[in-house]
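First up is the structure itself, then whatever we jot down about it.
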Amino acid sequence: MSKYTVEVKLQAVERYLTGNESYQTIAESIGVAKSQVITWVKLFEAQGEKGFKKGYTSYSSGFKLDVLNFMNETGASFLETASKFNISSPSTIYQWEELLKTKGLDALKTKKKRRPSMKKETKSNDKKTTPDEGSMEALRAENERLRMENAYLKKLKALVHEQEKLQTKLKRK
């Protein structure tokens with residue numbers, strides 16, 4: 001969500017385009033950086049009013065490559081290129097350029113950001129099926145589980161007893 005409404009941006013652009021005020025005076029009156037007003041004016045000149053109406057955008061790797069190629073061929077700045085292609089921030093193009101230089105073309109591909117499924121994954125080749133209750137197989141499985149639980153509790157009891165012994169020895173000293 002933008003901090004400034006479309007109306008505020010349009011008023012700032014109109015004030016500049018009438019020629020009565022500078023970028024700096026407009027920026028100070030609104031409470032933004034001078035560069036922000038410059039960006040709004042460039043965006044308005046390139047896209048018109050529709051340049052201010054944005055939603056979330058996901059750019060394809062082909063689009064990113066086209067933008068970078070345009071910038072390299074024409075020598076346009078990040079700001080001019082962002083205005084031409086209606087990209088919200090010139091720094092986005094800079095990031096694309098850095099990714100292309102350092103990690104190659106694959107780095108420009110969009111990565112899907114989604115939460116993993118909460119369902120437990122079941123394997124189709126899973127041999128472990130739950131046996132019917134009361135069957136010999138189910139009773140054996142329960143017996144094995146109870147043996148493991150019993151062994152665990154015995155170990156735990158032995159550790160607690162050993163720890164108590166150490167504490168009583170330390171108290172005697």
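Residue numbering restarts at 1 in every chain; chains get A, B, ... in the order shown in the structure tokens, and ligands count up from 1 in that same order.
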
| task | Among the residues of chain A, find those DSSP assigns to alpha helix (DSSP H) from the backbone and print them as a PyMOL selection string. | result | chain A and resi 6-17+23-30+34-47+61-74+78-85+90-103+136-172

| Test item: residues at most 9 Å from range 12-26 of chain A, only C-alpha atoms, excluding those fewer than 2 positions along its chain, as a PyMOL selection string | chain A and resi 7-10+28-35+37-38+40-41+44

Those residues you just picked out, can you put them in a file as a short mmCIF file (atom, residue, chain, number, x, y, z; two decimals), in the first residue's frame with all heavy atoms?
```cif
data_model
loop_
_atom_site.label_atom_id
_atom_site.label_comp_id
_atom_site.auth_asym_id
_atom_site.auth_seq_id
_atom_site.Cartn_x
_atom_site.Cartn_y
_atom_site.Cartn_z
N GLU A 7 -4.27 10.97 -5.71
CA GLU A 7 -4.61 12.39 -5.81
C GLU A 7 -3.43 13.28 -5.40
O GLU A 7 -3.14 14.29 -6.04
CB GLU A 7 -5.83 12.72 -4.95
CG GLU A 7 -7.14 12.15 -5.45
CD GLU A 7 -7.30 10.66 -5.15
OE1 GLU A 7 -6.70 10.16 -4.18
OE2 GLU A 7 -8.01 9.99 -5.92
N VAL A 8 -2.77 12.91 -4.31
CA VAL A 8 -1.62 13.69 -3.82
C VAL A 8 -0.51 13.68 -4.87
O VAL A 8 0.10 14.71 -5.16
CB VAL A 8 -1.11 13.13 -2.47
CG1 VAL A 8 0.21 13.76 -2.07
CG2 VAL A 8 -2.15 13.34 -1.39
N LYS A 9 -0.28 12.52 -5.46
CA LYS A 9 0.77 12.40 -6.48
C LYS A 9 0.42 13.26 -7.70
O LYS A 9 1.28 13.97 -8.23
CB LYS A 9 0.95 10.94 -6.89
CG LYS A 9 1.50 10.07 -5.77
CD LYS A 9 1.54 8.61 -6.21
CE LYS A 9 1.99 7.71 -5.08
NZ LYS A 9 2.00 6.29 -5.47
N LEU A 10 -0.84 13.18 -8.12
CA LEU A 10 -1.26 13.97 -9.28
C LEU A 10 -1.16 15.48 -9.01
O LEU A 10 -0.74 16.24 -9.89
CB LEU A 10 -2.69 13.61 -9.68
CG LEU A 10 -2.85 12.30 -10.45
CD1 LEU A 10 -4.32 11.96 -10.63
CD2 LEU A 10 -2.16 12.38 -11.79
N GLU A 28 9.11 19.46 -0.14
CA GLU A 28 9.08 19.96 1.23
C GLU A 28 7.65 20.17 1.72
O GLU A 28 7.33 19.89 2.87
CB GLU A 28 9.88 21.25 1.35
CG GLU A 28 11.38 21.03 1.27
CD GLU A 28 12.17 22.33 1.21
OE1 GLU A 28 11.57 23.42 1.16
OE2 GLU A 28 13.41 22.24 1.18
N SER A 29 6.78 20.65 0.82
CA SER A 29 5.39 20.90 1.24
C SER A 29 4.62 19.61 1.50
O SER A 29 3.75 19.57 2.37
CB SER A 29 4.67 21.75 0.19
OG SER A 29 4.45 20.99 -0.99
N ILE A 30 4.96 18.54 0.78
CA ILE A 30 4.28 17.26 0.96
C ILE A 30 4.95 16.43 2.06
O ILE A 30 4.29 15.65 2.75
CB ILE A 30 4.26 16.45 -0.36
CG1 ILE A 30 3.51 17.20 -1.44
CG2 ILE A 30 3.64 15.09 -0.16
CD1 ILE A 30 3.58 16.56 -2.80
N GLY A 31 6.25 16.62 2.19
CA GLY A 31 6.99 15.83 3.19
C GLY A 31 7.61 14.58 2.60
O GLY A 31 7.65 13.54 3.25
N VAL A 32 8.06 14.68 1.35
CA VAL A 32 8.73 13.56 0.70
C VAL A 32 10.10 14.01 0.22
O VAL A 32 10.41 15.21 0.22
CB VAL A 32 7.94 12.99 -0.50
CG1 VAL A 32 6.60 12.47 -0.07
CG2 VAL A 32 7.78 14.02 -1.60
N ALA A 33 10.89 13.06 -0.22
CA ALA A 33 12.19 13.39 -0.79
C ALA A 33 12.00 13.97 -2.18
O ALA A 33 11.05 13.63 -2.89
CB ALA A 33 13.06 12.14 -0.86
N LYS A 34 12.90 14.82 -2.57
CA LYS A 34 12.86 15.45 -3.89
C LYS A 34 12.85 14.39 -4.99
O LYS A 34 12.14 14.51 -5.98
CB LYS A 34 14.07 16.38 -4.04
CG LYS A 34 14.23 17.02 -5.38
CD LYS A 34 15.49 17.87 -5.40
CE LYS A 34 15.93 18.18 -6.80
NZ LYS A 34 17.21 18.90 -6.84
N SER A 35 13.64 13.33 -4.79
CA SER A 35 13.73 12.26 -5.79
C SER A 35 12.38 11.58 -6.01
O SER A 35 12.08 11.11 -7.11
CB SER A 35 14.78 11.23 -5.38
OG SER A 35 14.43 10.64 -4.16
N VAL A 37 9.40 13.05 -5.88
CA VAL A 37 8.61 13.92 -6.76
C VAL A 37 9.10 13.79 -8.20
O VAL A 37 8.29 13.72 -9.14
CB VAL A 37 8.67 15.40 -6.29
CG1 VAL A 37 7.89 16.30 -7.23
CG2 VAL A 37 8.12 15.52 -4.87
N ILE A 38 10.40 13.71 -8.39
CA ILE A 38 10.96 13.51 -9.74
C ILE A 38 10.44 12.21 -10.32
O ILE A 38 10.04 12.16 -11.50
CB ILE A 38 12.51 13.53 -9.69
CG1 ILE A 38 13.01 14.90 -9.26
CG2 ILE A 38 13.10 13.12 -11.03
CD1 ILE A 38 14.50 14.96 -8.95
N TRP A 40 7.65 10.64 -9.59
CA TRP A 40 6.24 10.80 -9.92
C TRP A 40 6.06 11.54 -11.25
O TRP A 40 5.23 11.17 -12.07
CB TRP A 40 5.49 11.53 -8.82
CG TRP A 40 5.38 10.78 -7.53
CD1 TRP A 40 5.54 9.44 -7.33
CD2 TRP A 40 5.07 11.34 -6.25
NE1 TRP A 40 5.35 9.14 -6.01
CE2 TRP A 40 5.05 10.28 -5.31
CE3 TRP A 40 4.79 12.62 -5.79
CZ2 TRP A 40 4.78 10.47 -3.96
CZ3 TRP A 40 4.52 12.81 -4.45
CH2 TRP A 40 4.51 11.74 -3.55
N VAL A 41 6.84 12.59 -11.45
CA VAL A 41 6.72 13.38 -12.69
C VAL A 41 7.11 12.52 -13.89
O VAL A 41 6.42 12.49 -14.91
CB VAL A 41 7.57 14.67 -12.61
CG1 VAL A 41 7.63 15.36 -13.96
CG2 VAL A 41 7.00 15.61 -11.56
N PHE A 44 4.44 9.98 -14.59
CA PHE A 44 3.28 10.61 -15.21
C PHE A 44 3.54 10.92 -16.68
O PHE A 44 2.68 10.71 -17.54
CB PHE A 44 2.89 11.88 -14.46
CG PHE A 44 1.67 12.56 -15.02
CD1 PHE A 44 0.40 12.10 -14.70
CD2 PHE A 44 1.78 13.64 -15.87
CE1 PHE A 44 -0.73 12.71 -15.22
CE2 PHE A 44 0.66 14.26 -16.39
CZ PHE A 44 -0.60 13.79 -16.06
#
```

| field | Shell of 9 Å around Leu68 in chain A, only C-alpha atoms, local chain residues under 5 positions omitted, as a VMD selection string | value | chain A and resid 63 73 81 93 96 to 97

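Nearest residue to Gly104 in chain A among A:Ser61, A:Thr39, A:Asn72, A:Ser83 is A:Ser61, counting only C-alpha atoms.
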